[in-house]
Amino acid sequence: MSDKMKTIGVLTSGGDAPGMNAAIRAVVRTGISSGVKVKGIRCGFAGLLDEDIIDLDNLAVSNIIQTGGTILYTARCHRFRELEYQKKGAEICRKHGIDGVVVIGGDGSFNGASKLAEQGINTIGVPGTIDLDIACTEYTIGFDTAINTAMEAIDKLRDTSESHERCSIVEVMGRTAGHIALWTGIASGSEYILTVEEYKGDIQRIITKIQDRRRMGKKNHIIVNAEGVGNSNEMAKVIEIATGVETRATILGHIQRGGNPTCKDRVYSSAMGTKAVELLCEGKTNRVVGYRDGEFVDFDIQEALAMEKGLDPYLFHITKKLTTI
């Protein structure tokens with residue numbers, strides 16, 4: 001262990017994701033087993049600036065691995081983009097004896113972590129986002145739970161869509177990334193998957209395919225629409241008018257963020273939280289934990305943020321054989 005690392009803080013920032021509590025638990029218990037005190041910073045960087053800081057022990061993180069959300073709460077903090085507040089955050093860390101901070105969140109949170117590192121506080125980022133849009137890693141906390149939640153919802157919607165011989169448009173989350181749409185579209189056997197990366201706004205193509213399949217005897221249709229594409233309600237109106245097929249839009253929204261994390265989200269989150277503490281104890285800073293090629297690894301935060309990530313090319317390739325895009 002680094003001689004300087006006596007106390008670490010942990011915070012969750014940005015959107016919540018199932019598995020964040022498992023990561024918090026791992027940070028606390030790994031820290032304590034390494035002889036390090038652990039403090040929880042509530043409400044992200046906003047809570048740091050407000051000095052909303054608590055002591056955490058093993059009991060404090062007991063019975064949380066199976067819960068969704070985050071016991072430390074989360075928030076977005078526009079103030080932390082300014083140098084004045086970055087310096088203030090570092091001063092508050094020093095005031096509370098915090099030598100290093102584990103930041104669990106997405107790319108915006110990692111920017112904050114990097115700024116805090118510039119002010120002399122060692123920081124390690126852990127990718128917590130259901131969107132899977134962090135390029136340096138094949139896994140992000142919450143993605144597996146989110147796609148299972150969406151898949152189960154689509155399975156239920158297909159039942160009623162078939163009963164009413166209806167077209168259902170299901171909008172899933174993901175901001176400007178189509179990973180949730182792609183995975184859930186394949187898993188639910190959807191006829192159409194629309195992602196911001198690939199969909200060019202050609203709704204007439206979808207209309208024609210629905211009409212063709214209707215003539216072939218297909219009675220119901222499922223369209224998975226990514227949040228970045230949006231306009232699901234308007235799309236439903238256009239399709240219904242053009243095809244005569246009753247069409248309904250369902251926006252799944254924030255149910256994809258909640259619920260008990262899957263086994264994978266619990267295990268991988270635990271591994272990432274543990275890895276983050278190990279890196280801090282080695283004296284590392286300005287790093288982000290990732291998962292690549294079967295291993296938990298780490299990258300420089302700025303290098304990680306500069307990486308670009310598209311849809312899995314093979315998964316997109318197979319949708320051309322299994323669905324209509």
# chains A, B, ... in the order shown; residues from 1 in each chain; ligands from 1
$ select_by_dssp --residues "stretch 14-201 of chain A" --states "alpha helix (DSSP H)" --output "VMD selection string"
chain A and resid 20 to 33 44 to 49 83 to 95 107 to 118 143 to 163 179 to 187
$ closest_atom_pairs --of "stretch 43-157 of chain A" --to "stretch 254-259 of chain A" --cutoff "6 Å" --atoms "only C-alpha atoms" --output "CSV"
residue,atom,partner,partner_atom,distance
A:Gly68,CA,A:Gly259,CA,5.1
A:Ala146,CA,A:Gln256,CA,4.7
A:Thr149,CA,A:Gln256,CA,5.9
$ closest_residue --among "A:His78, A:Ile251, A:Val229, A:Val224" --to "A:Ala46" --atoms "only C-alpha atoms"
A:His78
$ select_by_dssp --residues "stretch 185-267 of chain A" --states "strand (DSSP E or B)" --output "ChimeraX atom specification"
/A:192-194,221-226,247-251
$ residues_around --residues "A:Arg42" --least-positions-apart "3" --cutoff "6 Å" --atoms "only C-alpha atoms" --output "list in words"
Gly47, Asp52, Leu72 and Tyr73 of chain A
$ closest_residue --among "A:Ile241, A:Ala226, A:Val101, A:Ile193" --to "A:Gln211" --atoms "only C-alpha atoms"
A:Ile241
$ residues_around --residues "stretch 55-61 of chain A" --least-positions-apart "3" --cutoff "9 Å" --atoms "only C-alpha atoms" --output "PDB file with N, CA and C atoms, in the first residue's frame"
ATOM      1  N   ASN A  21     -24.234  -0.103  -6.204  1.00  0.00           N
ATOM      2  CA  ASN A  21     -24.084  -0.455  -4.794  1.00  0.00           C
ATOM      3  C   ASN A  21     -23.085  -1.589  -4.600  1.00  0.00           C
ATOM      4  N   ALA A  22     -23.059  -2.513  -5.553  1.00  0.00           N
ATOM      5  CA  ALA A  22     -22.062  -3.591  -5.473  1.00  0.00           C
ATOM      6  C   ALA A  22     -20.648  -3.018  -5.565  1.00  0.00           C
ATOM      7  N   ILE A  24     -19.748   0.110  -4.712  1.00  0.00           N
ATOM      8  CA  ILE A  24     -19.504   0.836  -3.456  1.00  0.00           C
ATOM      9  C   ILE A  24     -19.086  -0.148  -2.362  1.00  0.00           C
ATOM     10  N   ARG A  25     -19.815  -1.235  -2.259  1.00  0.00           N
ATOM     11  CA  ARG A  25     -19.513  -2.269  -1.252  1.00  0.00           C
ATOM     12  C   ARG A  25     -18.094  -2.792  -1.430  1.00  0.00           C
ATOM     13  N   ALA A  26     -17.706  -3.026  -2.683  1.00  0.00           N
ATOM     14  CA  ALA A  26     -16.363  -3.548  -2.947  1.00  0.00           C
ATOM     15  C   ALA A  26     -15.294  -2.534  -2.571  1.00  0.00           C
ATOM     16  N   VAL A  28     -15.491  -0.194  -0.270  1.00  0.00           N
ATOM     17  CA  VAL A  28     -15.415  -0.092   1.190  1.00  0.00           C
ATOM     18  C   VAL A  28     -14.693  -1.298   1.784  1.00  0.00           C
ATOM     19  N   ARG A  29     -15.105  -2.480   1.390  1.00  0.00           N
ATOM     20  CA  ARG A  29     -14.548  -3.675   2.022  1.00  0.00           C
ATOM     21  C   ARG A  29     -13.108  -3.941   1.586  1.00  0.00           C
ATOM     22  N   ILE A  32     -10.997  -1.297   3.557  1.00  0.00           N
ATOM     23  CA  ILE A  32     -10.828  -1.651   4.971  1.00  0.00           C
ATOM     24  C   ILE A  32      -9.869  -2.832   5.126  1.00  0.00           C
ATOM     25  N   LYS A  37      -9.047   3.750   5.566  1.00  0.00           N
ATOM     26  CA  LYS A  37     -10.367   4.241   5.954  1.00  0.00           C
ATOM     27  C   LYS A  37     -11.133   4.663   4.697  1.00  0.00           C
ATOM     28  N   VAL A  38     -12.457   4.540   4.742  1.00  0.00           N
ATOM     29  CA  VAL A  38     -13.279   4.874   3.576  1.00  0.00           C
ATOM     30  C   VAL A  38     -14.379   5.845   3.990  1.00  0.00           C
ATOM     31  N   LYS A  39     -14.537   6.891   3.191  1.00  0.00           N
ATOM     32  CA  LYS A  39     -15.603   7.865   3.413  1.00  0.00           C
ATOM     33  C   LYS A  39     -16.511   7.898   2.181  1.00  0.00           C
ATOM     34  N   GLY A  40     -17.797   7.977   2.405  1.00  0.00           N
ATOM     35  CA  GLY A  40     -18.753   8.096   1.320  1.00  0.00           C
ATOM     36  C   GLY A  40     -19.077   9.560   1.067  1.00  0.00           C
ATOM     37  N   ILE A  41     -19.036   9.948  -0.177  1.00  0.00           N
ATOM     38  CA  ILE A  41     -19.377  11.322  -0.570  1.00  0.00           C
ATOM     39  C   ILE A  41     -20.741  11.251  -1.242  1.00  0.00           C
ATOM     40  N   ILE A  64     -26.431  -4.632   0.557  1.00  0.00           N
ATOM     41  CA  ILE A  64     -26.740  -3.673  -0.517  1.00  0.00           C
ATOM     42  C   ILE A  64     -26.383  -4.215  -1.894  1.00  0.00           C
ATOM     43  N   ILE A  65     -25.648  -5.324  -1.960  1.00  0.00           N
ATOM     44  CA  ILE A  65     -25.177  -5.810  -3.253  1.00  0.00           C
ATOM     45  C   ILE A  65     -26.337  -6.150  -4.188  1.00  0.00           C
ATOM     46  N   ILE A  71     -26.709   3.901  -2.731  1.00  0.00           N
ATOM     47  CA  ILE A  71     -26.915   4.357  -1.354  1.00  0.00           C
ATOM     48  C   ILE A  71     -26.263   5.715  -1.107  1.00  0.00           C
TER      49      ILE A  71
END
$ closest_residue --among "A:Val277, A:Thr195, A:Leu132, A:Asn231" --to "A:Lys309" --atoms "only C-alpha atoms"
A:Leu132
$ atom_distance --atom1 "atom CA of A:Lys88" --atom2 "atom CA of A:Lys284"
22.0 Å
$ atom_distance --atom1 "atom CA of A:Met272" --atom2 "atom CA of A:Gln66"
16.2 Å
$ residues_around --residues "A:Glu295" --least-positions-apart "3" --cutoff "12 Å" --atoms "only C-alpha atoms" --output "ChimeraX atom specification"
/A:137-139,268,271-272,275,289-292,298
$ write_last_selection --atoms "N, CA and C atoms" --output "PDB file, in the first residue's frame"
ATOM      1  N   THR A 137     -13.882   0.210 -22.532  1.00  0.00           N
ATOM      2  CA  THR A 137     -14.290  -1.005 -21.832  1.00  0.00           C
ATOM      3  C   THR A 137     -15.412  -1.725 -22.561  1.00  0.00           C
ATOM      4  N   GLU A 138     -15.395  -3.050 -22.470  1.00  0.00           N
ATOM      5  CA  GLU A 138     -16.441  -3.866 -23.075  1.00  0.00           C
ATOM      6  C   GLU A 138     -17.653  -3.987 -22.152  1.00  0.00           C
ATOM      7  N   TYR A 139     -17.506  -3.543 -20.912  1.00  0.00           N
ATOM      8  CA  TYR A 139     -18.579  -3.662 -19.918  1.00  0.00           C
ATOM      9  C   TYR A 139     -18.703  -2.376 -19.130  1.00  0.00           C
ATOM     10  N   TYR A 268     -19.157  -8.208 -11.812  1.00  0.00           N
ATOM     11  CA  TYR A 268     -18.240  -7.305 -12.501  1.00  0.00           C
ATOM     12  C   TYR A 268     -18.094  -5.979 -11.756  1.00  0.00           C
ATOM     13  N   ALA A 271     -15.735  -6.558  -8.937  1.00  0.00           N
ATOM     14  CA  ALA A 271     -14.344  -6.647  -9.408  1.00  0.00           C
ATOM     15  C   ALA A 271     -13.788  -5.262  -9.734  1.00  0.00           C
ATOM     16  N   MET A 272     -14.617  -4.420 -10.354  1.00  0.00           N
ATOM     17  CA  MET A 272     -14.147  -3.078 -10.721  1.00  0.00           C
ATOM     18  C   MET A 272     -13.917  -2.209  -9.491  1.00  0.00           C
ATOM     19  N   LYS A 275     -10.677  -3.384  -7.978  1.00  0.00           N
ATOM     20  CA  LYS A 275      -9.553  -2.944  -8.806  1.00  0.00           C
ATOM     21  C   LYS A 275      -9.239  -1.466  -8.574  1.00  0.00           C
ATOM     22  N   VAL A 289     -10.950   2.227 -14.672  1.00  0.00           N
ATOM     23  CA  VAL A 289     -10.977   0.771 -14.742  1.00  0.00           C
ATOM     24  C   VAL A 289     -11.805   0.352 -15.955  1.00  0.00           C
ATOM     25  N   GLY A 290     -11.352  -0.680 -16.641  1.00  0.00           N
ATOM     26  CA  GLY A 290     -12.105  -1.210 -17.768  1.00  0.00           C
ATOM     27  C   GLY A 290     -12.042  -2.722 -17.799  1.00  0.00           C
ATOM     28  N   TYR A 291     -12.843  -3.300 -18.699  1.00  0.00           N
ATOM     29  CA  TYR A 291     -12.834  -4.753 -18.894  1.00  0.00           C
ATOM     30  C   TYR A 291     -12.618  -5.023 -20.374  1.00  0.00           C
ATOM     31  N   ARG A 292     -11.531  -5.708 -20.696  1.00  0.00           N
ATOM     32  CA  ARG A 292     -11.216  -6.006 -22.095  1.00  0.00           C
ATOM     33  C   ARG A 292     -10.588  -7.387 -22.216  1.00  0.00           C
ATOM     34  N   ASP A 298      -6.781  -1.058 -16.752  1.00  0.00           N
ATOM     35  CA  ASP A 298      -6.986   0.367 -16.488  1.00  0.00           C
ATOM     36  C   ASP A 298      -6.321   1.198 -17.570  1.00  0.00           C
TER      37      ASP A 298
END
$ closest_residue --among "A:Arg79, A:Arg166, A:His179, A:Arg287" --to "A:Thr123" --atoms "only C-alpha atoms"
A:Arg287
$ closest_residue --among "A:His221, A:His317, A:Lys264, A:Arg81" --to "A:His164" --atoms "only C-alpha atoms"
A:His221
$ closest_residue --among "A:Asp312, A:Glu198, A:Glu246, A:Asp131" --to "A:Ile180" --atoms "only C-alpha atoms"
A:Asp131
$ residues_around --residues "A:Ala177" --least-positions-apart "4" --cutoff "7 Å" --atoms "only C-alpha atoms" --output "list of chain:residue names"
A:Asp131, A:Asp133, A:Val196, A:Gly228
$ write_last_selection --atoms "C-alpha atoms" --output "PDB file, in the first residue's frame"
ATOM      1  CA  ASP A 131     -25.536   3.007 -22.014  1.00  0.00           C
ATOM      2  CA  ASP A 133     -20.894   4.101 -24.236  1.00  0.00           C
ATOM      3  CA  VAL A 196     -28.813   6.564 -34.108  1.00  0.00           C
ATOM      4  CA  GLY A 228     -31.155   8.893 -29.717  1.00  0.00           C
TER       5      GLY A 228
END
$ residues_around --residues "A:Lys156" --least-positions-apart "5" --cutoff "12 Å" --atoms "only C-alpha atoms" --output "ChimeraX atom specification"
/A:149-151,161-163,168,170,188,222,250
